[in-house]
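File shown: model.cif (mmCIF, C-alpha atoms).
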data_structure
loop_
_atom_site.group_PDB
_atom_site.id
_atom_site.type_symbol
_atom_site.label_atom_id
_atom_site.label_comp_id
_atom_site.auth_asym_id
_atom_site.auth_seq_id
_atom_site.Cartn_x
_atom_site.Cartn_y
_atom_site.Cartn_z
ATOM 1 C CA MET A 1 85.537 142.222 48.659
ATOM 2 C CA SER A 2 86.369 138.519 48.152
ATOM 3 C CA TYR A 3 85.224 135.885 50.667
ATOM 4 C CA ASP A 4 83.678 132.442 50.648
ATOM 5 C CA SER A 5 80.368 131.298 52.158
ATOM 6 C CA ALA A 6 82.023 130.159 55.413
ATOM 7 C CA THR A 7 83.641 133.571 55.856
ATOM 8 C CA ARG A 8 80.392 135.354 54.956
ATOM 9 C CA ALA A 9 78.642 133.544 57.820
ATOM 10 C CA LEU A 10 81.107 135.121 60.273
ATOM 11 C CA LEU A 11 80.411 138.693 59.215
ATOM 12 C CA ARG A 12 77.856 140.982 60.846
ATOM 13 C CA GLU A 13 76.421 144.182 59.383
ATOM 14 C CA GLY A 14 77.955 147.244 61.014
ATOM 15 C CA GLU A 15 80.945 145.297 62.354
ATOM 16 C CA GLU A 16 84.398 146.801 61.825
ATOM 17 C CA ILE A 17 86.847 144.376 60.239
ATOM 18 C CA LEU A 18 90.384 144.351 58.900
ATOM 19 C CA VAL A 19 90.715 143.907 55.146
ATOM 20 C CA PHE A 20 93.601 143.412 52.725
ATOM 21 C CA ILE A 21 93.785 145.473 49.527
ATOM 22 C CA ASP A 22 94.127 142.979 46.709
ATOM 23 C CA ASN A 23 93.876 145.601 43.959
ATOM 24 C CA PRO A 24 93.626 149.363 44.504
ATOM 25 C CA GLU A 25 91.637 149.694 41.253
ATOM 26 C CA ASP A 26 90.200 147.106 38.908
ATOM 27 C CA ASN A 27 88.999 147.670 35.337
ATOM 28 C CA ASN A 28 85.830 149.192 36.694
ATOM 29 C CA GLY A 29 87.622 151.519 39.089
ATOM 30 C CA ASN A 30 86.684 149.475 42.160
ATOM 31 C CA ILE A 31 88.985 148.693 45.094
ATOM 32 C CA ILE A 32 89.254 144.926 45.539
ATOM 33 C CA LEU A 33 89.479 143.900 49.207
ATOM 34 C CA SER A 34 90.056 140.510 50.860
ATOM 35 C CA TYR A 35 88.838 139.703 54.312
ATOM 36 C CA ARG A 36 90.418 136.238 54.273
ATOM 37 C CA ARG A 37 93.911 137.515 53.442
ATOM 38 C CA ALA A 38 93.626 140.131 56.162
ATOM 39 C CA ALA A 39 92.591 137.428 58.645
ATOM 40 C CA GLU A 40 95.548 135.299 57.556
ATOM 41 C CA GLU A 41 97.945 138.197 58.095
ATOM 42 C CA ALA A 42 96.485 138.715 61.565
ATOM 43 C CA ASP A 43 96.909 134.998 62.270
ATOM 44 C CA TRP A 44 100.553 135.092 61.161
ATOM 45 C CA GLN A 45 101.050 137.953 63.580
ATOM 46 C CA LEU A 46 99.366 135.855 66.287
ATOM 47 C CA ALA A 47 101.637 132.915 65.447
ATOM 48 C CA GLY A 48 104.687 135.155 65.784
ATOM 49 C CA ASP A 49 103.470 136.422 69.154
ATOM 50 C CA LEU A 50 102.858 132.842 70.347
ATOM 51 C CA LEU A 51 106.364 131.845 69.254
ATOM 52 C CA GLU A 52 107.845 134.735 71.207
ATOM 53 C CA SER A 53 105.741 134.268 74.358
ATOM 54 C CA GLN A 54 105.751 130.434 74.209
ATOM 55 C CA GLU A 55 102.144 130.461 75.330
ATOM 56 C CA ALA A 56 100.259 127.277 74.488
ATOM 57 C CA ILE A 57 97.263 127.505 72.159
ATOM 58 C CA GLU A 58 94.226 125.225 72.273
ATOM 59 C CA THR A 59 93.172 124.137 68.809
ATOM 60 C CA GLU A 60 91.845 121.133 66.878
ATOM 61 C CA ILE A 61 93.276 118.476 64.596
ATOM 62 C CA VAL A 62 91.783 119.066 61.136
ATOM 63 C CA GLY A 63 93.823 116.748 58.920
ATOM 64 C CA PHE A 64 96.887 114.554 58.642
ATOM 65 C CA ASN A 65 99.598 113.156 56.403
ATOM 66 C CA LYS A 66 102.178 110.428 56.956
ATOM 67 C CA GLY A 67 104.488 112.871 58.737
ATOM 68 C CA GLY A 68 102.057 114.242 61.313
ATOM 69 C CA VAL A 69 98.786 116.123 61.789
ATOM 70 C CA LEU A 70 97.368 119.468 60.662
ATOM 71 C CA VAL A 71 95.829 121.890 63.156
ATOM 72 C CA SER A 72 93.973 125.154 62.700
ATOM 73 C CA VAL A 73 95.421 128.450 63.890
ATOM 74 C CA GLY A 74 92.688 130.853 62.877
ATOM 75 C CA GLN A 75 92.656 130.809 59.064
ATOM 76 C CA LEU A 76 96.059 129.129 58.949
ATOM 77 C CA ARG A 77 97.001 125.480 58.943
ATOM 78 C CA GLY A 78 99.782 124.516 61.284
ATOM 79 C CA PHE A 79 101.705 121.239 61.244
ATOM 80 C CA VAL A 80 102.509 119.031 64.252
ATOM 81 C CA PRO A 81 105.129 116.442 63.190
ATOM 82 C CA ASN A 82 104.909 112.919 64.602
ATOM 83 C CA SER A 83 108.018 113.649 66.668
ATOM 84 C CA GLN A 84 106.123 116.476 68.405
ATOM 85 C CA LEU A 85 102.919 114.574 69.146
ATOM 86 C CA ARG A 86 102.193 112.998 72.514
ATOM 87 C CA ARG A 87 103.329 109.395 72.501
ATOM 88 C CA ASP A 88 99.827 108.091 73.159
ATOM 89 C CA ARG A 89 98.610 109.765 69.950
ATOM 90 C CA LEU A 90 101.207 108.176 67.648
ATOM 91 C CA PRO A 91 99.503 105.856 65.139
ATOM 92 C CA ASP A 92 100.078 102.123 65.495
ATOM 93 C CA GLY A 93 100.924 99.687 62.738
ATOM 94 C CA ASP A 94 101.228 100.581 59.070
ATOM 95 C CA GLY A 95 99.123 100.769 55.934
ATOM 96 C CA GLU A 96 95.368 100.816 56.573
ATOM 97 C CA ASN A 97 95.749 100.476 60.342
ATOM 98 C CA ARG A 98 97.990 103.536 60.447
ATOM 99 C CA GLN A 99 95.557 105.429 58.211
ATOM 100 C CA ARG A 100 92.644 104.592 60.540
ATOM 101 C CA SER A 101 94.683 105.678 63.559
ATOM 102 C CA TYR A 102 95.370 109.031 61.931
ATOM 103 C CA GLN A 103 91.736 109.413 60.883
ATOM 104 C CA SER A 104 90.591 108.866 64.483
ATOM 105 C CA LEU A 105 92.624 111.904 65.536
ATOM 106 C CA VAL A 106 90.711 114.317 63.288
ATOM 107 C CA GLY A 107 88.417 116.504 65.360
ATOM 108 C CA GLN A 108 90.287 115.908 68.604
ATOM 109 C CA PRO A 109 91.368 118.958 70.620
ATOM 110 C CA VAL A 110 95.067 119.580 71.067
ATOM 111 C CA LEU A 111 97.100 121.933 73.226
ATOM 112 C CA ALA A 112 100.316 122.938 71.473
ATOM 113 C CA LYS A 113 103.097 125.508 71.353
ATOM 114 C CA VAL A 114 104.357 127.279 68.246
ATOM 115 C CA ILE A 115 108.001 126.304 67.673
ATOM 116 C CA GLU A 116 108.620 127.668 64.162
ATOM 117 C CA VAL A 117 107.150 130.468 62.047
ATOM 118 C CA ASP A 118 108.372 130.996 58.465
ATOM 119 C CA ARG A 119 105.975 133.325 56.675
ATOM 120 C CA PRO A 120 107.755 133.391 53.280
ATOM 121 C CA ARG A 121 107.710 129.586 53.130
ATOM 122 C CA ASN A 122 104.167 129.400 54.554
ATOM 123 C CA ARG A 123 105.565 127.204 57.322
ATOM 124 C CA LEU A 124 103.959 127.019 60.781
ATOM 125 C CA ILE A 125 105.175 124.220 63.080
ATOM 126 C CA LEU A 126 103.715 123.404 66.497
ATOM 127 C CA SER A 127 104.582 120.953 69.278
ATOM 128 C CA GLU A 128 102.138 119.136 71.504
ATOM 129 C CA GLN A 129 104.997 117.600 73.497
ATOM 130 C CA ALA A 130 106.333 121.024 74.487
ATOM 131 C CA ALA A 131 102.932 122.037 75.858
ATOM 132 C CA SER A 132 102.545 118.679 77.623
ATOM 133 C CA ARG A 133 105.936 119.072 79.306
ATOM 134 C CA GLU A 134 104.911 122.459 80.670
ATOM 135 C CA ILE A 135 101.637 121.051 81.995
ATOM 136 C CA ARG A 136 103.465 118.120 83.610
ATOM 137 C CA GLN A 137 105.975 120.468 85.228
ATOM 138 C CA ALA A 138 103.213 122.690 86.620
ATOM 139 C CA ARG A 139 101.319 119.658 87.885
ATOM 140 C CA LYS A 140 104.530 118.204 89.286
ATOM 141 C CA GLY A 141 105.086 121.373 91.326
ATOM 142 C CA GLU A 142 101.572 121.152 92.757
ATOM 143 C CA LEU A 143 102.011 117.471 93.592
ATOM 144 C CA PHE A 144 105.355 118.084 95.319
ATOM 145 C CA ALA A 145 103.760 120.764 97.480
ATOM 146 C CA ASN A 146 101.230 118.200 98.739
ATOM 147 C CA LEU A 147 103.634 115.327 99.424
ATOM 148 C CA GLN A 148 104.043 114.405 103.083
ATOM 149 C CA GLU A 149 106.741 112.224 104.607
ATOM 150 C CA GLY A 150 105.233 109.042 105.979
ATOM 151 C CA ALA A 151 102.296 109.067 103.548
ATOM 152 C CA ILE A 152 101.340 105.692 102.055
ATOM 153 C CA LEU A 153 100.509 105.680 98.349
ATOM 154 C CA GLU A 154 99.954 103.234 95.514
ATOM 155 C CA GLY A 155 102.004 103.603 92.370
ATOM 156 C CA GLN A 156 103.192 101.867 89.233
ATOM 157 C CA VAL A 157 106.704 100.589 88.564
ATOM 158 C CA VAL A 158 107.941 102.548 85.528
ATOM 159 C CA ASN A 159 111.620 101.638 85.443
ATOM 160 C CA LEU A 160 114.132 99.211 86.939
ATOM 161 C CA ALA A 161 117.779 100.007 87.633
ATOM 162 C CA GLU A 162 120.593 98.110 89.329
ATOM 163 C CA PHE A 163 120.199 100.252 92.458
ATOM 164 C CA GLY A 164 116.403 100.135 92.755
ATOM 165 C CA ILE A 165 113.100 100.896 91.041
ATOM 166 C CA PHE A 166 111.280 104.055 89.998
ATOM 167 C CA VAL A 167 107.611 104.256 90.908
ATOM 168 C CA ASP A 168 105.086 106.714 89.451
ATOM 169 C CA ILE A 169 102.935 108.016 92.322
ATOM 170 C CA GLY A 170 100.509 110.091 90.268
ATOM 171 C CA GLY A 171 102.746 112.205 88.033
ATOM 172 C CA ILE A 172 105.912 112.065 90.131
ATOM 173 C CA GLU A 173 108.542 109.342 89.899
ATOM 174 C CA GLY A 174 110.085 108.348 93.202
ATOM 175 C CA LEU A 175 112.983 105.978 93.871
ATOM 176 C CA VAL A 176 112.705 102.844 95.962
ATOM 177 C CA HIS A 177 116.335 101.994 96.645
ATOM 178 C CA LEU A 178 117.261 98.319 96.537
ATOM 179 C CA SER A 179 117.792 98.389 100.303
ATOM 180 C CA GLU A 180 114.225 99.701 100.779
ATOM 181 C CA MET A 181 112.459 97.134 98.629
ATOM 182 C CA SER A 182 112.272 94.365 101.200
ATOM 183 C CA TRP A 183 113.595 93.210 104.547
ATOM 184 C CA LYS A 184 114.808 90.222 102.600
ATOM 185 C CA ARG A 185 118.166 90.631 100.906
ATOM 186 C CA ILE A 186 117.629 90.784 97.128
ATOM 187 C CA GLN A 187 120.308 90.942 94.447
ATOM 188 C CA ARG A 188 118.305 92.587 91.656
ATOM 189 C CA PRO A 189 115.036 94.568 91.593
ATOM 190 C CA GLY A 190 113.762 92.232 88.869
ATOM 191 C CA ASP A 191 113.803 89.386 91.375
ATOM 192 C CA MET A 192 110.897 91.048 93.153
ATOM 193 C CA VAL A 193 108.952 93.293 90.724
ATOM 194 C CA GLN A 194 108.530 93.943 87.012
ATOM 195 C CA LYS A 195 107.820 97.089 85.008
ATOM 196 C CA GLY A 196 104.096 97.853 85.103
ATOM 197 C CA ASP A 197 103.489 96.252 88.511
ATOM 198 C CA ARG A 198 101.321 98.137 91.013
ATOM 199 C CA VAL A 199 102.986 98.506 94.405
ATOM 200 C CA LYS A 200 102.316 100.225 97.730
ATOM 201 C CA VAL A 201 105.014 102.595 98.953
ATOM 202 C CA GLN A 202 105.689 104.924 101.851
ATOM 203 C CA ILE A 203 107.305 108.334 101.401
ATOM 204 C CA LEU A 204 110.628 108.466 103.263
ATOM 205 C CA SER A 205 111.753 111.964 102.260
ATOM 206 C CA VAL A 206 110.922 114.779 99.858
ATOM 207 C CA ASP A 207 113.628 117.019 98.354
ATOM 208 C CA HIS A 208 111.670 120.013 97.041
ATOM 209 C CA GLU A 209 114.737 121.806 95.699
ATOM 210 C CA ARG A 210 115.943 118.876 93.601
ATOM 211 C CA GLN A 211 112.406 117.505 93.121
ATOM 212 C CA ARG A 212 113.279 114.027 94.301
ATOM 213 C CA VAL A 213 111.257 111.596 96.372
ATOM 214 C CA ALA A 214 112.639 108.646 98.327
ATOM 215 C CA LEU A 215 110.190 105.777 98.770
ATOM 216 C CA SER A 216 110.110 102.503 100.661
ATOM 217 C CA MET A 217 108.240 99.264 100.221
ATOM 218 C CA LYS A 218 109.717 97.371 103.139
ATOM 219 C CA ARG A 219 108.518 99.900 105.735
ATOM 220 C CA LEU A 220 104.998 98.654 105.012
ATOM 221 C CA GLU A 221 106.044 95.139 106.051
ATOM 222 C CA ALA A 222 106.725 93.913 109.574
ATOM 223 C CA ASP A 223 110.383 94.360 110.506
ATOM 224 C CA PRO A 224 111.625 90.868 111.422
ATOM 225 C CA TRP A 225 114.320 92.382 113.649
ATOM 226 C CA SER A 226 111.631 93.849 115.902
ATOM 227 C CA ARG A 227 110.598 90.296 116.853
ATOM 228 C CA ILE A 228 113.772 88.364 116.148
ATOM 229 C CA ASP A 229 113.575 86.487 119.463
ATOM 230 C CA GLU A 230 110.137 85.166 118.494
ATOM 231 C CA LEU A 231 111.288 83.989 115.075
ATOM 232 C CA TYR A 232 114.638 82.409 115.929
ATOM 233 C CA ARG A 233 116.561 81.061 118.895
ATOM 234 C CA VAL A 234 120.201 80.419 119.642
ATOM 235 C CA GLY A 235 120.984 76.773 118.931
ATOM 236 C CA GLN A 236 118.417 76.446 116.145
ATOM 237 C CA LEU A 237 119.385 74.528 112.993
ATOM 238 C CA VAL A 238 118.413 76.233 109.720
ATOM 239 C CA GLU A 239 118.935 75.710 106.023
ATOM 240 C CA ALA A 240 120.940 78.444 104.309
ATOM 241 C CA GLU A 241 122.736 79.413 101.097
ATOM 242 C CA ILE A 242 126.226 80.900 100.902
ATOM 243 C CA THR A 243 125.940 84.375 99.369
ATOM 244 C CA ARG A 244 129.486 85.786 99.538
ATOM 245 C CA LEU A 245 132.946 85.101 100.881
ATOM 246 C CA THR A 246 135.296 87.379 102.827
ATOM 247 C CA LYS A 247 138.718 86.962 104.411
ATOM 248 C CA PHE A 248 137.106 86.557 107.824
ATOM 249 C CA GLY A 249 134.294 84.186 106.907
ATOM 250 C CA ALA A 250 131.248 83.576 104.733
ATOM 251 C CA PHE A 251 127.785 85.135 104.639
ATOM 252 C CA ALA A 252 124.784 82.873 104.309
ATOM 253 C CA ARG A 253 121.101 83.632 103.718
ATOM 254 C CA VAL A 254 118.606 81.657 105.753
ATOM 255 C CA TYR A 255 115.949 79.784 103.742
ATOM 256 C CA ASP A 256 112.679 81.082 105.228
ATOM 257 C CA ASP A 257 110.099 83.849 104.821
ATOM 258 C CA TYR A 258 112.501 86.524 106.054
ATOM 259 C CA GLN A 259 115.744 85.399 104.385
ATOM 260 C CA LEU A 260 117.989 87.101 106.928
ATOM 261 C CA GLU A 261 121.691 87.025 106.181
ATOM 262 C CA GLY A 262 124.154 85.923 108.840
ATOM 263 C CA LEU A 263 127.904 85.549 109.146
ATOM 264 C CA ILE A 264 129.737 82.259 109.516
ATOM 265 C CA HIS A 265 133.049 83.395 110.989
ATOM 266 C CA ILE A 266 136.106 81.585 109.638
ATOM 267 C CA SER A 267 136.565 80.013 113.073
ATOM 268 C CA GLU A 268 133.049 78.491 112.780
ATOM 269 C CA LEU A 269 133.550 76.873 109.382
ATOM 270 C CA ALA A 270 135.287 73.677 110.557
ATOM 271 C CA GLU A 271 136.874 72.000 113.561
ATOM 272 C CA ASP A 272 140.342 72.287 112.027
ATOM 273 C CA ARG A 273 142.034 75.600 111.295
ATOM 274 C CA VAL A 274 140.831 77.075 107.992
ATOM 275 C CA GLU A 275 143.343 79.032 105.905
ATOM 276 C CA GLN A 276 141.054 79.952 102.995
ATOM 277 C CA VAL A 277 137.273 80.260 103.292
ATOM 278 C CA ARG A 278 136.810 78.982 99.728
ATOM 279 C CA ASP A 279 138.421 75.684 100.759
ATOM 280 C CA VAL A 280 135.287 74.943 102.820
ATOM 281 C CA VAL A 281 132.365 76.731 101.133
ATOM 282 C CA LYS A 282 131.613 78.513 97.879
ATOM 283 C CA PRO A 283 128.875 80.974 96.806
ATOM 284 C CA ASN A 284 125.506 79.277 96.150
ATOM 285 C CA ASP A 285 126.380 76.270 98.325
ATOM 286 C CA LYS A 286 123.298 74.949 100.171
ATOM 287 C CA ILE A 287 124.186 74.070 103.745
ATOM 288 C CA THR A 288 122.738 73.425 107.209
ATOM 289 C CA VAL A 289 123.989 75.861 109.858
ATOM 290 C CA ARG A 290 123.331 76.508 113.523
ATOM 291 C CA ILE A 291 122.372 79.915 114.921
ATOM 292 C CA ILE A 292 124.886 80.764 117.654
ATOM 293 C CA ARG A 293 124.205 84.488 118.145
ATOM 294 C CA LEU A 294 121.265 86.902 117.773
ATOM 295 C CA ASP A 295 121.787 90.655 118.148
ATOM 296 C CA ALA A 296 118.628 92.640 117.377
ATOM 297 C CA LYS A 297 120.269 95.978 118.186
ATOM 298 C CA GLN A 298 123.128 95.437 115.741
ATOM 299 C CA ARG A 299 120.873 93.482 113.354
ATOM 300 C CA GLN A 300 123.341 90.617 113.251
ATOM 301 C CA VAL A 301 122.986 86.843 113.154
ATOM 302 C CA GLY A 302 125.929 84.590 113.953
ATOM 303 C CA LEU A 303 125.945 81.201 112.239
ATOM 304 C CA SER A 304 128.113 78.133 112.615
ATOM 305 C CA LEU A 305 128.879 75.227 110.327
ATOM 306 C CA ARG A 306 131.327 73.737 112.822
ATOM 307 C CA GLN A 307 128.713 73.396 115.574
ATOM 308 C CA VAL A 308 126.015 71.684 113.492
ATOM 309 C CA ALA A 309 126.926 68.344 115.066
ATOM 310 C CA SER A 310 128.076 69.768 118.385
ATOM 311 C CA ASP A 311 127.381 67.726 121.556
ATOM 312 C CA LYS A 312 126.426 71.030 123.173
ATOM 313 C CA TYR A 313 123.045 70.956 121.431
ATOM 314 C CA ILE A 314 122.494 67.200 121.157
ATOM 315 C CA GLU A 315 119.699 67.024 123.723
ATOM 316 C CA GLU A 316 117.847 69.912 122.091
ATOM 317 C CA ASP A 317 118.239 68.399 118.628
ATOM 318 C CA LEU A 318 116.963 65.029 119.833
ATOM 319 C CA ALA A 319 114.003 66.657 121.512
ATOM 320 C CA LEU A 320 113.073 68.412 118.274
ATOM 321 C CA MET A 321 113.457 65.204 116.251
ATOM 322 C CA SER A 322 111.259 63.257 118.635
ATOM 323 C CA GLY A 323 108.707 66.075 118.732
#

Re-express the file's structure as structure tokens.
Amino acid sequence: MSYDSATRALLREGEEILVFIDNPEDNNGNIILSYRRAAEEADWQLAGDLLESQEAIETEIVGFNKGGVLVSVGQLRGFVPNSQLRRDRLPDGDGENRQRSYQSLVGQPVLAKVIEVDRPRNRLILSEQAASREIRQARKGELFANLQEGAILEGQVVNLAEFGIFVDIGGIEGLVHLSEMSWKRIQRPGDMVQKGDRVKVQILSVDHERQRVALSMKRLEADPWSRIDELYRVGQLVEAEITRLTKFGAFARVYDDYQLEGLIHISELAEDRVEQVRDVVKPNDKITVRIIRLDAKQRQVGLSLRQVASDKYIEEDLALMSG
């Protein structure tokens, strides 16, 4: 029977083993058997079973080439292409740096799934990404089961979109809608956070069926509307910036820590009748306005450009100037 020293070390006297008949009779009338070839055949059968069941196998990286890494499947050598490796394993750089990166992978354990078996071509392809996806999905299910509305967590910003940001809260990506990022009115998520930033969020809702999580950052801040009467008063002069125009007036954002947005009705733009709002103000104009209405229940602030120099508030303005 043919075998090498490494195979011989695995054998035990009296143990039953599978063998492959290399030659039913040699020149001396002996039957030539191969333990290694029998083990390889058994491993090909195992590979076929793993392909059918899609069960992940834990193995080890034993070599590499420029296209990927080699792993052991019993006596066989399987190939994991670069496209099927986890992203964090992909070698950096080129030339010697790439070679060193590959070399550092040798000996590392790897969990992978068989994705192709071609015995005639001696081709055995595995995927680490496929196994990783399954693990992430299983872990994701466990994490979803433990999520509670109202819970406060810390996460990392992983993506920015026009409508908000996605935050990784330990294996699950939740959405912080633009309207839930801050009590301040912001135009773009990038005005407030960048990819990679660590942020605190509160869970607003959990959709187990669709596996979606709604998050909020602003709920962890004090709501200025809950104490609007402490922060502002009717008659107060404030600096503001025109944000948008409508047929019935212009919206302006107050320059302060809260940046509340209020409406300057068309009737409050000027003393004379105004036909077109854009004839008086334009977006991004910096102006001084007077607060003429505060409605905490409706979350509305009424502003006036017309009454900035009104005699109605002259005594109050003088008192503030002298103070």

Review point. If the PyMOL selection byres ((chain A and resi 128-131) around 10) is run on the structure shown, which residues does it catch, given as JSON, numbers by chain?
Key: {"A": [54, 55, 56, 57, 58, 80, 81, 82, 83, 84, 85, 86, 87, 110, 111, 112, 113, 114, 115, 126, 127, 132, 133, 134, 135, 136, 137]}

Review point. Looking at A:Gln156, A:Gln259, A:Gln236, A:Ser53, which one is nearest to Val201 in chain A, with distances taken over all atoms listed in the file?
Key: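 Smallest distance to Val201 in chain A is found for A:Gln156.
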
Residues matched by the PyMOL selection byres ((chain A and resi 173) around 12), written as a PDB file with C-alpha atoms, keeping the file's coordinate frame:
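result-v3.pdb was written with the following content:
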ATOM      1  CA  ARG A 136     103.465 118.120  83.610  1.00  0.00           C
ATOM      2  CA  LYS A 140     104.530 118.204  89.286  1.00  0.00           C
ATOM      3  CA  LEU A 143     102.011 117.471  93.592  1.00  0.00           C
ATOM      4  CA  PHE A 144     105.355 118.084  95.319  1.00  0.00           C
ATOM      5  CA  GLU A 154      99.954 103.234  95.514  1.00  0.00           C
ATOM      6  CA  GLY A 155     102.004 103.603  92.370  1.00  0.00           C
ATOM      7  CA  GLN A 156     103.192 101.867  89.233  1.00  0.00           C
ATOM      8  CA  VAL A 157     106.704 100.589  88.564  1.00  0.00           C
ATOM      9  CA  VAL A 158     107.941 102.548  85.528  1.00  0.00           C
ATOM     10  CA  ASN A 159     111.620 101.638  85.443  1.00  0.00           C
ATOM     11  CA  LEU A 160     114.132  99.211  86.939  1.00  0.00           C
ATOM     12  CA  ILE A 165     113.100 100.896  91.041  1.00  0.00           C
ATOM     13  CA  PHE A 166     111.280 104.055  89.998  1.00  0.00           C
ATOM     14  CA  VAL A 167     107.611 104.256  90.908  1.00  0.00           C
ATOM     15  CA  ASP A 168     105.086 106.714  89.451  1.00  0.00           C
ATOM     16  CA  ILE A 169     102.935 108.016  92.322  1.00  0.00           C
ATOM     17  CA  GLY A 170     100.509 110.091  90.268  1.00  0.00           C
ATOM     18  CA  GLY A 171     102.746 112.205  88.033  1.00  0.00           C
ATOM     19  CA  ILE A 172     105.912 112.065  90.131  1.00  0.00           C
ATOM     20  CA  GLY A 174     110.085 108.348  93.202  1.00  0.00           C
ATOM     21  CA  LEU A 175     112.983 105.978  93.871  1.00  0.00           C
ATOM     22  CA  VAL A 176     112.705 102.844  95.962  1.00  0.00           C
ATOM     23  CA  VAL A 201     105.014 102.595  98.953  1.00  0.00           C
ATOM     24  CA  ILE A 203     107.305 108.334 101.401  1.00  0.00           C
ATOM     25  CA  VAL A 206     110.922 114.779  99.858  1.00  0.00           C
ATOM     26  CA  GLN A 211     112.406 117.505  93.121  1.00  0.00           C
ATOM     27  CA  ARG A 212     113.279 114.027  94.301  1.00  0.00           C
ATOM     28  CA  VAL A 213     111.257 111.596  96.372  1.00  0.00           C
ATOM     29  CA  ALA A 214     112.639 108.646  98.327  1.00  0.00           C
ATOM     30  CA  LEU A 215     110.190 105.777  98.770  1.00  0.00           C
TER      31      LEU A 215
END

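Taking CA of Asp256 in chain A and CA of Asp197 in chain A as endpoints, the distance between them is 24.4 Å.
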
Exercise for review: Go through A:Pro283, A:Gly74, A:Gly262, A:Gly63 one by one, measure the shortest atom-to-atom distance of each to Ala42 in chain A using only C-alpha atoms, and give the residue with the smallest value.
Suggested key: A:Gly74

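Proximity ranking of A:Arg188, A:Arg273, A:Arg77, A:Gly141 relative to Glu209 in chain A places A:Gly141 first, based on only C-alpha atoms.
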
Exercise for review: Take the PyMOL selection byres ((chain A and resi 271) around 6), apply it to the structure above, and return the hits as a list in words.
Suggested key: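 For this structure, the PyMOL selection byres ((chain A and resi 271) around 6) captures Ala270, Asp272 and Arg306 of chain A.
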
**Study point:** Spatial neighbours of Met192 in chain A, 9 Å, all atoms listed in the file, chain gap at least 5 places, as a list in words
**Key:** Met181, Ser182 and Ile186 of chain A

Keeping only C-alpha atoms, write the selected residues to a file as a PDB file, keeping the file's coordinate frame.
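Okay, part26.pdb is ready:
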ATOM      1  CA  MET A 181     112.459  97.134  98.629  1.00  0.00           C
ATOM      2  CA  SER A 182     112.272  94.365 101.200  1.00  0.00           C
ATOM      3  CA  ILE A 186     117.629  90.784  97.128  1.00  0.00           C
TER       4      ILE A 186
END

Point to revise | Contacts of range 218-220 of chain A at 9 Å (all atoms listed in the file; same-chain gap of 6+ positions) as a list in words | key: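 After dropping sequence-adjacent residues, the list is Ile152, Ser179, Glu180, Met181, Ser182, Trp183, Lys184, Lys200, Val201 and Gln202 of chain A.
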
Grab the residues selected above and save them as a short mmCIF file (atom, residue, chain, number, x, y, z; two decimals), keeping the file's coordinate frame with C-alpha atoms.
data_model
loop_
_atom_site.label_atom_id
_atom_site.label_comp_id
_atom_site.auth_asym_id
_atom_site.auth_seq_id
_atom_site.Cartn_x
_atom_site.Cartn_y
_atom_site.Cartn_z
CA ILE A 152 101.34 105.69 102.06
CA SER A 179 117.79 98.39 100.30
CA GLU A 180 114.22 99.70 100.78
CA MET A 181 112.46 97.13 98.63
CA SER A 182 112.27 94.36 101.20
CA TRP A 183 113.60 93.21 104.55
CA LYS A 184 114.81 90.22 102.60
CA LYS A 200 102.32 100.22 97.73
CA VAL A 201 105.01 102.60 98.95
CA GLN A 202 105.69 104.92 101.85
#

Practice item. Could you tell me how far CA of Leu124 in chain A lies from CA of Leu90 in chain A, in Å and to one decimal? Key: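 Calculated distance between CA of Leu124 in chain A and CA of Leu90 in chain A is 20.2 Å.
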
Check your understanding: CA of Ala222 in chain A and CA of His265 in chain A are how many Å apart?
Key ->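 Separation between CA of Ala222 in chain A and CA of His265 in chain A: 28.4 Å.
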
Check your understanding: Taking (94.5, 124.1, 64.1) in the file's coordinates as the center, which residues reach within 8 Å of it, counting all atoms listed in the file, put as a PyMOL selection string?
Key -> chain A and resi 59-62+70-74+76-78

Writer output for current selection, C-alpha atoms, as a PDB file, in the frame of the given file:
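out10.pdb, freshly written:
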ATOM      1  CA  THR A  59      93.172 124.137  68.809  1.00  0.00           C
ATOM      2  CA  GLU A  60      91.845 121.133  66.878  1.00  0.00           C
ATOM      3  CA  ILE A  61      93.276 118.476  64.596  1.00  0.00           C
ATOM      4  CA  VAL A  62      91.783 119.066  61.136  1.00  0.00           C
ATOM      5  CA  LEU A  70      97.368 119.468  60.662  1.00  0.00           C
ATOM      6  CA  VAL A  71      95.829 121.890  63.156  1.00  0.00           C
ATOM      7  CA  SER A  72      93.973 125.154  62.700  1.00  0.00           C
ATOM      8  CA  VAL A  73      95.421 128.450  63.890  1.00  0.00           C
ATOM      9  CA  GLY A  74      92.688 130.853  62.877  1.00  0.00           C
ATOM     10  CA  LEU A  76      96.059 129.129  58.949  1.00  0.00           C
ATOM     11  CA  ARG A  77      97.001 125.480  58.943  1.00  0.00           C
ATOM     12  CA  GLY A  78      99.782 124.516  61.284  1.00  0.00           C
TER      13      GLY A  78
END

Review point. In terms of the shortest atom-to-atom distance over all atoms listed in the file, which of A:Ile287, A:Arg121, A:Phe64, A:Ala250 is closest to Arg100 in chain A?
Key: A:Phe64

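The protein and nucleic acid residues lying at most 7 Å from Thr288 in chain A are Leu237, Val238, Glu239 and Ala240 of chain A, with only C-alpha atoms considered and sequence neighbours fewer than 4 positions away removed.
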
Check your understanding: Can you list, as a list of chain:residue names, every protein, DNA or RNA residue that comes within 12 Å of Arg299 in chain A when you count only C-alpha atoms, leaving out same-chain residues fewer than 4 positions away?
Key -> A:Trp183, A:Asp223, A:Pro224, A:Trp225, A:Ser226, A:Arg227, A:Ile228, A:Asp229, A:Leu260, A:Glu261, A:Gly262, A:Leu263, A:Arg293, A:Leu294, A:Asp295
